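Source file: upload-v3.pdb; contents: PDB, C-alpha atoms and all ligand atoms.
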ATOM      1  CA  MET A   1      -1.476 -16.138  31.248
ATOM      2  CA  PHE A   2      -3.793 -13.693  29.469
ATOM      3  CA  LYS A   3      -7.542 -14.476  29.530
ATOM      4  CA  ALA A   4      -9.871 -12.777  27.060
ATOM      5  CA  THR A   5     -13.032 -11.112  28.366
ATOM      6  CA  LYS A   6     -16.289 -10.882  26.461
ATOM      7  CA  ASP A   7     -16.221  -7.113  26.038
ATOM      8  CA  LYS A   8     -17.801  -5.994  22.768
ATOM      9  CA  SER A   9     -16.844  -2.326  22.997
ATOM     10  CA  LEU A  10     -14.116  -2.578  20.328
ATOM     11  CA  THR A  11     -16.522  -1.982  17.493
ATOM     12  CA  GLU A  12     -18.779   0.382  19.435
ATOM     13  CA  ARG A  13     -16.185   3.063  20.276
ATOM     14  CA  PRO A  14     -13.601   4.794  18.080
ATOM     15  CA  LEU A  15     -10.466   2.777  17.469
ATOM     16  CA  PRO A  16      -7.082   4.363  18.017
ATOM     17  CA  GLU A  17      -5.570   5.388  14.689
ATOM     18  CA  HIS A  18      -2.016   4.418  15.552
ATOM     19  CA  ILE A  19      -0.759   1.574  17.742
ATOM     20  CA  ALA A  20       2.981   1.155  18.340
ATOM     21  CA  ILE A  21       4.405  -2.034  19.810
ATOM     22  CA  ILE A  22       7.681  -2.841  21.578
ATOM     23  CA  MET A  23       7.866  -6.546  20.766
ATOM     24  CA  ASP A  24       9.845  -7.879  23.735
ATOM     25  CA  GLY A  25      10.387 -11.356  25.125
ATOM     26  CA  ASN A  26      11.522 -13.422  22.139
ATOM     27  CA  GLY A  27      14.687 -14.506  23.957
ATOM     28  CA  ARG A  28      12.814 -15.611  27.088
ATOM     29  CA  TYR A  29      10.231 -17.430  24.952
ATOM     30  CA  ALA A  30      13.068 -19.448  23.388
ATOM     31  CA  LYS A  31      14.904 -20.006  26.682
ATOM     32  CA  LEU A  32      11.778 -21.378  28.356
ATOM     33  CA  ARG A  33      11.647 -23.983  25.596
ATOM     34  CA  SER A  34      15.415 -24.700  25.613
ATOM     35  CA  MET A  35      15.681 -23.298  22.102
ATOM     36  CA  PRO A  36      18.311 -20.880  20.698
ATOM     37  CA  ARG A  37      17.395 -17.186  20.974
ATOM     38  CA  ILE A  38      17.068 -16.853  17.209
ATOM     39  CA  LYS A  39      14.247 -19.393  17.257
ATOM     40  CA  GLY A  40      12.420 -16.977  19.579
ATOM     41  CA  HIS A  41      12.949 -14.188  17.031
ATOM     42  CA  TYR A  42      11.659 -16.480  14.271
ATOM     43  CA  GLU A  43       8.491 -17.141  16.299
ATOM     44  CA  GLY A  44       8.299 -13.380  16.923
ATOM     45  CA  MET A  45       8.296 -12.805  13.182
ATOM     46  CA  GLN A  46       5.491 -15.359  12.745
ATOM     47  CA  ASN A  47       3.476 -13.427  15.308
ATOM     48  CA  VAL A  48       4.069 -10.194  13.403
ATOM     49  CA  LYS A  49       2.133 -11.813  10.526
ATOM     50  CA  ARG A  50      -0.813 -12.709  12.793
ATOM     51  CA  ILE A  51      -0.939  -9.249  14.361
ATOM     52  CA  VAL A  52      -0.665  -7.481  10.980
ATOM     53  CA  ARG A  53      -3.511  -9.582   9.556
ATOM     54  CA  HIS A  54      -5.614  -8.651  12.566
ATOM     55  CA  ALA A  55      -4.706  -4.957  12.284
ATOM     56  CA  VAL A  56      -5.976  -5.099   8.704
ATOM     57  CA  ASP A  57      -9.177  -6.869   9.806
ATOM     58  CA  ILE A  58     -10.013  -4.259  12.440
ATOM     59  CA  LYS A  59      -9.135  -1.455   9.969
ATOM     60  CA  LEU A  60      -6.350   0.082  12.017
ATOM     61  CA  LYS A  61      -4.691   2.995  10.175
ATOM     62  CA  TYR A  62      -1.100   2.774  11.514
ATOM     63  CA  LEU A  63       0.862  -0.022  13.186
ATOM     64  CA  THR A  64       4.469   0.695  14.169
ATOM     65  CA  LEU A  65       6.652  -2.212  15.260
ATOM     66  CA  TYR A  66      10.013  -1.820  17.041
ATOM     67  CA  ALA A  67      11.996  -4.460  15.153
ATOM     68  CA  PHE A  68      15.609  -3.330  15.671
ATOM     69  CA  SER A  69      16.838  -0.522  17.903
ATOM     70  CA  THR A  70      20.057   1.489  17.653
ATOM     71  CA  GLU A  71      21.087  -0.340  20.859
ATOM     72  CA  ASN A  72      20.522  -3.824  19.395
ATOM     73  CA  TRP A  73      23.890  -3.619  17.563
ATOM     74  CA  SER A  74      25.523  -4.516  20.893
ATOM     75  CA  ARG A  75      24.080  -8.067  20.773
ATOM     76  CA  PRO A  76      26.250 -10.970  19.546
ATOM     77  CA  LYS A  77      27.026 -10.630  15.844
ATOM     78  CA  SER A  78      25.155 -13.826  14.954
ATOM     79  CA  GLU A  79      21.974 -12.515  16.638
ATOM     80  CA  VAL A  80      22.332  -9.090  14.975
ATOM     81  CA  ASN A  81      22.736 -10.787  11.590
ATOM     82  CA  TYR A  82      19.656 -12.900  12.210
ATOM     83  CA  LEU A  83      17.558  -9.938  13.373
ATOM     84  CA  LEU A  84      18.532  -7.994  10.261
ATOM     85  CA  LYS A  85      17.681 -10.953   8.057
ATOM     86  CA  LEU A  86      14.153 -11.165   9.498
ATOM     87  CA  PRO A  87      12.711  -8.283   7.447
ATOM     88  CA  THR A  88      14.126  -9.929   4.315
ATOM     89  CA  ASP A  89      12.589 -13.305   5.216
ATOM     90  CA  PHE A  90       9.323 -11.748   6.348
ATOM     91  CA  LEU A  91       8.878  -9.680   3.195
ATOM     92  CA  GLY A  92      10.123 -12.538   1.015
ATOM     93  CA  SER A  93       7.140 -14.638   2.039
ATOM     94  CA  PHE A  94       4.569 -12.040   3.143
ATOM     95  CA  LEU A  95       4.856  -9.190   0.636
ATOM     96  CA  PRO A  96       2.271 -10.615  -1.829
ATOM     97  CA  GLU A  97      -0.263 -10.825   1.022
ATOM     98  CA  LEU A  98       0.596  -7.286   2.180
ATOM     99  CA  ILE A  99       0.034  -6.034  -1.372
ATOM    100  CA  GLU A 100      -3.221  -7.971  -1.637
ATOM    101  CA  LYS A 101      -4.389  -6.581   1.730
ATOM    102  CA  ASN A 102      -3.737  -2.979   0.585
ATOM    103  CA  VAL A 103      -1.017  -2.443   3.236
ATOM    104  CA  ILE A 104       1.541   0.369   2.873
ATOM    105  CA  VAL A 105       5.021  -0.575   4.154
ATOM    106  CA  LYS A 106       7.217   2.146   5.651
ATOM    107  CA  THR A 107      10.247   2.348   7.912
ATOM    108  CA  ILE A 108      11.697   4.718  10.443
ATOM    109  CA  GLY A 109      15.334   4.578  11.558
ATOM    110  CA  ASP A 110      18.743   4.928   9.979
ATOM    111  CA  PHE A 111      18.260   2.915   6.829
ATOM    112  CA  SER A 112      21.768   3.582   5.504
ATOM    113  CA  ALA A 113      23.514   1.396   8.109
ATOM    114  CA  LEU A 114      21.410  -1.700   7.385
ATOM    115  CA  PRO A 115      22.834  -4.614   5.345
ATOM    116  CA  LYS A 116      22.273  -4.359   1.598
ATOM    117  CA  HIS A 117      19.848  -7.328   1.482
ATOM    118  CA  THR A 118      17.664  -5.761   4.201
ATOM    119  CA  ARG A 119      17.618  -2.398   2.433
ATOM    120  CA  LYS A 120      16.772  -4.037  -0.870
ATOM    121  CA  ALA A 121      13.891  -6.118   0.544
ATOM    122  CA  VAL A 122      12.429  -3.196   2.453
ATOM    123  CA  GLN A 123      12.858  -0.745  -0.446
ATOM    124  CA  THR A 124      11.083  -3.175  -2.807
ATOM    125  CA  ALA A 125       8.235  -3.524  -0.308
ATOM    126  CA  MET A 126       7.944   0.248   0.092
ATOM    127  CA  ASP A 127       7.954   0.780  -3.674
ATOM    128  CA  LYS A 128       5.388  -1.942  -4.364
ATOM    129  CA  THR A 129       2.989  -0.777  -1.649
ATOM    130  CA  ALA A 130       3.398   2.996  -2.035
ATOM    131  CA  ASP A 131       0.067   3.413  -3.834
ATOM    132  CA  ASN A 132      -1.927   1.294  -1.389
ATOM    133  CA  THR A 133      -4.452   2.994   0.870
ATOM    134  CA  GLY A 134      -5.048   0.638   3.808
ATOM    135  CA  LEU A 135      -3.026  -0.041   6.963
ATOM    136  CA  THR A 136       0.361   1.714   7.132
ATOM    137  CA  LEU A 137       2.799  -0.828   8.593
ATOM    138  CA  VAL A 138       5.886   0.914   9.921
ATOM    139  CA  PHE A 139       9.003  -1.038  10.842
ATOM    140  CA  ALA A 140      11.321   0.769  13.232
ATOM    141  CA  LEU A 141      14.645  -0.565  11.955
ATOM    142  CA  ASN A 142      17.897   0.710  13.386
ATOM    143  CA  TYR A 143      15.657   3.237  15.119
ATOM    144  CA  GLY A 144      16.431   5.234  18.262
ATOM    145  CA  GLY A 145      14.349   8.099  19.607
ATOM    146  CA  ARG A 146      17.400  10.095  20.722
ATOM    147  CA  ASP A 147      19.080   9.721  17.320
ATOM    148  CA  GLU A 148      15.851  10.852  15.678
ATOM    149  CA  LEU A 149      15.681  13.964  17.883
ATOM    150  CA  ILE A 150      19.352  14.828  17.350
ATOM    151  CA  GLY A 151      18.896  14.405  13.581
ATOM    152  CA  ALA A 152      15.865  16.690  13.668
ATOM    153  CA  VAL A 153      17.748  19.379  15.627
ATOM    154  CA  LYS A 154      20.669  19.234  13.178
ATOM    155  CA  GLU A 155      18.332  19.678  10.220
ATOM    156  CA  MET A 156      16.541  22.560  11.917
ATOM    157  CA  ILE A 157      19.838  24.342  12.610
ATOM    158  CA  ALA A 158      20.831  23.860   8.958
ATOM    159  CA  ASP A 159      17.488  25.278   7.800
ATOM    160  CA  VAL A 160      17.761  28.271  10.150
ATOM    161  CA  GLN A 161      21.270  28.944   8.806
ATOM    162  CA  ALA A 162      20.010  28.590   5.222
ATOM    163  CA  GLY A 163      17.214  31.039   6.005
ATOM    164  CA  THR A 164      14.417  28.550   5.205
ATOM    165  CA  LEU A 165      13.315  28.246   8.855
ATOM    166  CA  ASP A 166      12.617  31.168  11.158
ATOM    167  CA  ARG A 167      13.937  30.326  14.625
ATOM    168  CA  ASN A 168      11.103  32.268  16.267
ATOM    169  CA  SER A 169       8.385  30.418  14.377
ATOM    170  CA  LEU A 170       9.571  27.027  15.628
ATOM    171  CA  ASN A 171       6.846  25.249  17.586
ATOM    172  CA  SER A 172       5.702  21.724  18.365
ATOM    173  CA  SER A 173       4.059  21.354  14.971
ATOM    174  CA  THR A 174       7.127  22.506  12.990
ATOM    175  CA  PHE A 175       9.242  20.173  15.147
ATOM    176  CA  ASP A 176       6.983  17.263  14.091
ATOM    177  CA  ASP A 177       7.882  18.000  10.473
ATOM    178  CA  TYR A 178      11.548  17.182  11.118
ATOM    179  CA  LEU A 179      10.854  13.747  12.587
ATOM    180  CA  MET A 180      10.871  10.421  10.755
ATOM    181  CA  THR A 181       7.183  10.103  11.633
ATOM    182  CA  LYS A 182       6.236  13.408  10.012
ATOM    183  CA  ASP A 183       3.476  11.892   7.877
ATOM    184  CA  MET A 184       1.745   9.981  10.673
ATOM    185  CA  PRO A 185      -0.247  10.758  13.783
ATOM    186  CA  ASP A 186       1.357  10.179  17.195
ATOM    187  CA  PRO A 187       0.472   6.735  18.580
ATOM    188  CA  GLU A 188      -2.529   6.826  20.880
ATOM    189  CA  MET A 189      -1.393   3.457  22.282
ATOM    190  CA  ILE A 190       2.089   2.085  22.948
ATOM    191  CA  ILE A 191       2.187  -1.557  24.005
ATOM    192  CA  ARG A 192       5.223  -3.319  25.452
ATOM    193  CA  THR A 193       5.145  -7.063  25.915
ATOM    194  CA  SER A 194       7.046  -9.343  28.320
ATOM    195  CA  GLY A 195       6.509  -7.450  31.577
ATOM    196  CA  GLU A 196       9.167  -4.745  31.166
ATOM    197  CA  TYR A 197       8.111  -1.199  32.043
ATOM    198  CA  ARG A 198      10.281   0.987  29.817
ATOM    199  CA  LEU A 199      10.107   2.862  26.532
ATOM    200  CA  SER A 200      13.698   1.921  25.607
ATOM    201  CA  ASN A 201      14.317   4.906  23.323
ATOM    202  CA  PHE A 202      11.124   4.299  21.318
ATOM    203  CA  LEU A 203       9.193   7.279  19.871
ATOM    204  CA  LEU A 204      10.316   9.596  22.686
ATOM    205  CA  TRP A 205       8.731  12.758  21.275
ATOM    206  CA  GLN A 206       5.691  11.035  19.812
ATOM    207  CA  ALA A 207       4.898   9.204  23.089
ATOM    208  CA  SER A 208       4.191  12.444  24.976
ATOM    209  CA  TYR A 209       0.466  11.714  25.294
ATOM    210  CA  SER A 210       0.350   8.047  24.349
ATOM    211  CA  GLU A 211      -1.541   5.673  26.590
ATOM    212  CA  LEU A 212       0.948   3.047  27.758
ATOM    213  CA  PHE A 213       0.108  -0.636  28.102
ATOM    214  CA  PHE A 214       2.436  -3.246  29.594
ATOM    215  CA  SER A 215       1.603  -6.873  28.990
ATOM    216  CA  HIS A 216       3.246  -9.822  30.712
ATOM    217  CA  THR A 217       2.880 -11.979  27.616
ATOM    218  CA  LEU A 218       6.069 -12.765  25.708
ATOM    219  CA  TRP A 219       5.875 -11.352  22.176
ATOM    220  CA  PRO A 220       5.626 -14.662  20.238
ATOM    221  CA  GLU A 221       2.534 -15.501  22.327
ATOM    222  CA  PHE A 222       0.908 -12.061  22.251
ATOM    223  CA  SER A 223      -2.458 -12.845  20.695
ATOM    224  CA  THR A 224      -5.008 -10.935  18.661
ATOM    225  CA  GLU A 225      -7.445 -11.451  21.563
ATOM    226  CA  GLU A 226      -5.068  -9.702  23.951
ATOM    227  CA  LEU A 227      -4.569  -6.869  21.468
ATOM    228  CA  ASP A 228      -8.348  -6.440  21.297
ATOM    229  CA  GLU A 229      -8.531  -6.487  25.089
ATOM    230  CA  LEU A 230      -5.907  -3.707  25.340
ATOM    231  CA  ILE A 231      -7.717  -1.659  22.690
ATOM    232  CA  SER A 232     -10.888  -2.118  24.680
ATOM    233  CA  GLN A 233      -9.077  -0.865  27.834
ATOM    234  CA  TYR A 234      -7.772   2.100  25.844
ATOM    235  CA  GLN A 235     -11.309   2.936  24.768
ATOM    236  CA  LYS A 236     -12.308   3.204  28.426
ATOM    237  CA  ARG A 237      -9.409   5.418  29.446
ATOM    238  CA  GLU A 238      -9.990   9.096  29.799
ATOM    239  CA  ARG A 239      -7.547  11.176  27.752
ATOM    240  CA  ARG A 240      -7.229  14.733  29.029
ATOM    241  CA  PHE A 241      -3.982  15.947  27.396
ATOM    242  CA  GLY A 242      -3.237  18.068  30.462
ATOM    243  CA  GLY A 243      -6.733  19.606  30.511
ATOM    244  CA  LEU A 244      -9.858  18.824  32.524
ATOM    245  CA  ASN A 245     -12.801  16.486  32.049
ATOM    246  CA  GLU A 246     -15.877  18.072  30.558
ATOM    247  CA  GLU A 247     -17.759  17.630  33.864
ATOM    248  CA  ASP A 248     -14.898  19.275  35.820
ATOM    249  CA  GLU A 249     -14.813  22.401  33.663
ATOM    250  CA  PRO A 250     -16.151  25.585  35.297
ATOM    251  CA  ASP A 251     -19.567  26.697  33.982
ATOM    252  CA  GLU A 252     -19.433  29.559  31.508
ATOM    253  CA  ASP A 253     -22.099  32.259  31.630
TER     254      ASP A 253
HETATM  255  C1  LIG B   1      13.301  -8.098  21.921
HETATM  256  O1  LIG B   1      13.228  -9.363  22.501
HETATM  257  C2  LIG B   1      13.016  -8.233  20.512
HETATM  258  C3  LIG B   1      13.846  -7.838  19.520
HETATM  259  C4  LIG B   1      15.137  -7.165  19.769
HETATM  260  C5  LIG B   1      13.511  -8.086  18.127
HETATM  261  C6  LIG B   1      12.078  -8.013  17.776
HETATM  262  C7  LIG B   1      11.857  -8.581  16.455
HETATM  263  C8  LIG B   1      10.819  -9.366  16.135
HETATM  264  C9  LIG B   1       9.726  -9.666  17.060
HETATM  265  C10 LIG B   1      10.643  -9.893  14.778
HETATM  266  C11 LIG B   1      10.644  -8.786  13.787
HETATM  267  C12 LIG B   1       9.985  -9.161  12.569
HETATM  268  C13 LIG B   1      10.117  -8.498  11.434
HETATM  269  C14 LIG B   1       9.206  -8.854  10.350
HETATM  270  C15 LIG B   1      11.113  -7.456  11.196
HETATM  271  P1  LIG B   1      14.490  -9.894  23.311
HETATM  272  O2  LIG B   1      15.373 -10.615  22.378
HETATM  273  O3  LIG B   1      15.168  -8.748  24.015
HETATM  274  O4  LIG B   1      13.812 -10.843  24.331
HETATM  275  P2  LIG B   1      14.313 -11.134  25.824
HETATM  276  O5  LIG B   1      14.222  -9.829  26.568
HETATM  277  O6  LIG B   1      13.346 -12.154  26.302
HETATM  278  O7  LIG B   1      15.714 -11.645  25.734
END
Starting from the file, give its structure as structure tokens.
Ligand code: FPP
Amino acid sequence: MFKATKDKSLTERPLPEHIAIIMDGNGRYAKLRSMPRIKGHYEGMQNVKRIVRHAVDIKLKYLTLYAFSTENWSRPKSEVNYLLKLPTDFLGSFLPELIEKNVIVKTIGDFSALPKHTRKAVQTAMDKTADNTGLTLVFALNYGGRDELIGAVKEMIADVQAGTLDRNSLNSSTFDDYLMTKDMPDPEMIIRTSGEYRLSNFLLWQASYSELFFSHTLWPEFSTEELDELISQYQKRERRFGGLNEEDEPDED
């Protein structure tokens, strides 16, 4: 069980701009309580509300949540249907608060394959929050990192053939422009709950230099205190991006 410490560094050091979360453990949460799996997903959705409110309070810029992966289609149809109804239910009750809290709603993933009611709810939320300026809340829905990369490569090939992209000018920054995340910074932190140590096809390109955090807490129980604790750990980590620490750099004359 997670225990909060009394570290106050959260407000004293720069916050990450972008936190991405793999919300895992809903099924186990339900099983431990002899409840159906979908009840675990319902409790997971309730926790999304708590975490979003907190992200707004601490003035986070971007929060990306892995809500439905391209691999989740292989779950039983009833669970898939429920998972794809969650954004509709969530936005049905929470959109007024998101608008009031100045949150911008966005999605990444293949939107076209989602059920009509999900697309409609999410599109309405995106339209109604497009002019907001606060937290950008990104739902990864029918998202897969490999699909995203393949889609980007296909578009780049088409642009090279159309003469709008010079093959020799392609670099990491132009590659970024072909991704679904093109308007956002890479996540400085990726958190996965429930004690699994995998990225599971999440933000494969964008995770190159992310600091990874693995929590044993099941998603419905992942608290704002634990999020703060992980942010505080992030603030103490040294990020070198393949370079050296300042104190390890050779002196220049
Ligand atoms: C993985 O847990 C979780 C998911 C596949 C779905 C995550 C979705 C939510 C937390 C709610 C989303 C809310 C909105 C607003 C869209 P699991 O089912 O694999 O858990 P298990 O590994 O314990 O079985």
### Query
Expanded to explicit residues, what is the PyMOL selection byres (((chain A and resi 216) around 12) and not hetatm) for this file, as a VMD selection string?
chain A and resid 1 to 3 23 to 25 28 to 29 191 to 197 213 to 215 217 to 223 226
Please identify every residue of chain A that has at least one atom no farther than 9 Å from an atom of ligand LIG 1 (chain B), counting all atoms listed in the file, and for each give the shortest atom pair and the distance in Å to one decimal, arranged by chain then increasing number, as a tab-separated table.
residue	atom	partner	partner_atom	distance
A:Ile22	CA	B:LIG1	C2	7.7
A:Met23	CA	B:LIG1	C9	5.2
A:Asp24	CA	B:LIG1	O1	3.9
A:Gly25	CA	B:LIG1	O6	3.3
A:Asn26	CA	B:LIG1	O4	4.1
A:Gly27	CA	B:LIG1	O7	3.5
A:Arg28	CA	B:LIG1	O6	3.6
A:Tyr29	CA	B:LIG1	O6	6.3
A:Ala30	CA	B:LIG1	O6	7.9
A:Lys31	CA	B:LIG1	O6	8.0
A:Arg37	CA	B:LIG1	O2	7.0
A:Ile38	CA	B:LIG1	O2	8.3
A:Gly40	CA	B:LIG1	O2	7.6
A:His41	CA	B:LIG1	C8	5.3
A:Tyr42	CA	B:LIG1	C10	6.7
A:Glu43	CA	B:LIG1	C9	7.6
A:Gly44	CA	B:LIG1	C9	4.0
A:Met45	CA	B:LIG1	C12	4.1
A:Gln46	CA	B:LIG1	C12	7.7
A:Asn47	CA	B:LIG1	C9	7.5
A:Val48	CA	B:LIG1	C12	6.1
A:Lys49	CA	B:LIG1	C14	7.7
A:Leu65	CA	B:LIG1	C11	7.8
A:Tyr66	CA	B:LIG1	C6	6.6
A:Ala67	CA	B:LIG1	C7	4.3
A:Phe68	CA	B:LIG1	C4	5.6
A:Ser69	CA	B:LIG1	C4	7.1
A:Asn72	CA	B:LIG1	C4	6.3
A:Glu79	CA	B:LIG1	O2	9.0
A:Val80	CA	B:LIG1	C4	8.9
A:Leu83	CA	B:LIG1	C5	6.5
A:Leu84	CA	B:LIG1	C15	7.5
A:Lys85	CA	B:LIG1	C15	8.1
A:Leu86	CA	B:LIG1	C15	5.1
A:Pro87	CA	B:LIG1	C15	4.2
A:Thr88	CA	B:LIG1	C14	7.9
A:Asp89	CA	B:LIG1	C14	7.6
A:Phe90	CA	B:LIG1	C14	4.9
A:Leu91	CA	B:LIG1	C14	7.2
A:Phe139	CA	B:LIG1	C15	6.8
A:Ala140	CA	B:LIG1	C15	8.5
A:Leu141	CA	B:LIG1	C15	7.8
A:Ser194	CA	B:LIG1	O6	7.2
A:Glu196	CA	B:LIG1	O5	8.5
A:Leu218	CA	B:LIG1	O6	7.3
A:Trp219	CA	B:LIG1	C9	6.6
A:Pro220	CA	B:LIG1	C9	7.2
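Closest to Glu148 of chain A among A:Ile231, A:Ile19, A:Met180, A:Ile51 is A:Met180, based on only C-alpha atoms.
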### Query
Taking (-3.6, -1.9, -1.1) in the file's coordinates as the center, which residues reach within 9 Å of it, counting only C-alpha atoms, put as number ranges by chain?
A: 98-104, 129-135
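Note that the spacing between atom CA of Gly109 of chain A and atom CA of Asn168 of chain A amounts to 28.4 Å.
Nearest residue to Lys154 of chain A among A:Val138, A:Lys39, A:Gly92, A:Phe175 is A:Phe175, counting only C-alpha atoms.
The spacing separating atom CA of Pro96 of chain A from atom CA of Ser78 of chain A amounts to 28.6 Å.
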### Query
Leaving out Met184 of chain A and any residue of its chain fewer than 3 positions from it, which residues lie within 12 Å of it when counting only C-alpha atoms, given as an MDAnalysis selection string?
chainID A and resid 17:20 61:64 106:108 135:138 176:177 179:181 187:188 206
Can you sort out the box for segment 9-26 of chain A, edges along x, y and z, all listed atoms in, 5 Å on every side, with centre and edge lengths in Å to one decimal, as lines of an AutoDock Vina configuration file?
center_x = -3.6
center_y = -4.0
center_z = 19.9
size_x = 40.3
size_y = 28.8
size_z = 20.4
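As for atom CA of Met189 of chain A and atom CA of Ala55 of chain A, they are spaced 13.5 Å apart.
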### A:Asn171, A:Ile58, A:Gly243, A:Leu95 ranked by distance to Pro14 of chain A, top pick (using all atoms listed in the file)
A:Ile58
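Shortest atom-to-atom contact with Val153 of chain A among A:Tyr178, A:Ser200, A:Trp73, A:Ser172: A:Tyr178, counting all atoms listed in the file.
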### Shell around Ser173 of chain A at 12 Å using only C-alpha atoms, local window under 6 positions removed, as a list in words
Leu179, Lys182, Asp183, Pro185, Asp186, Trp205 and Gln206 of chain A
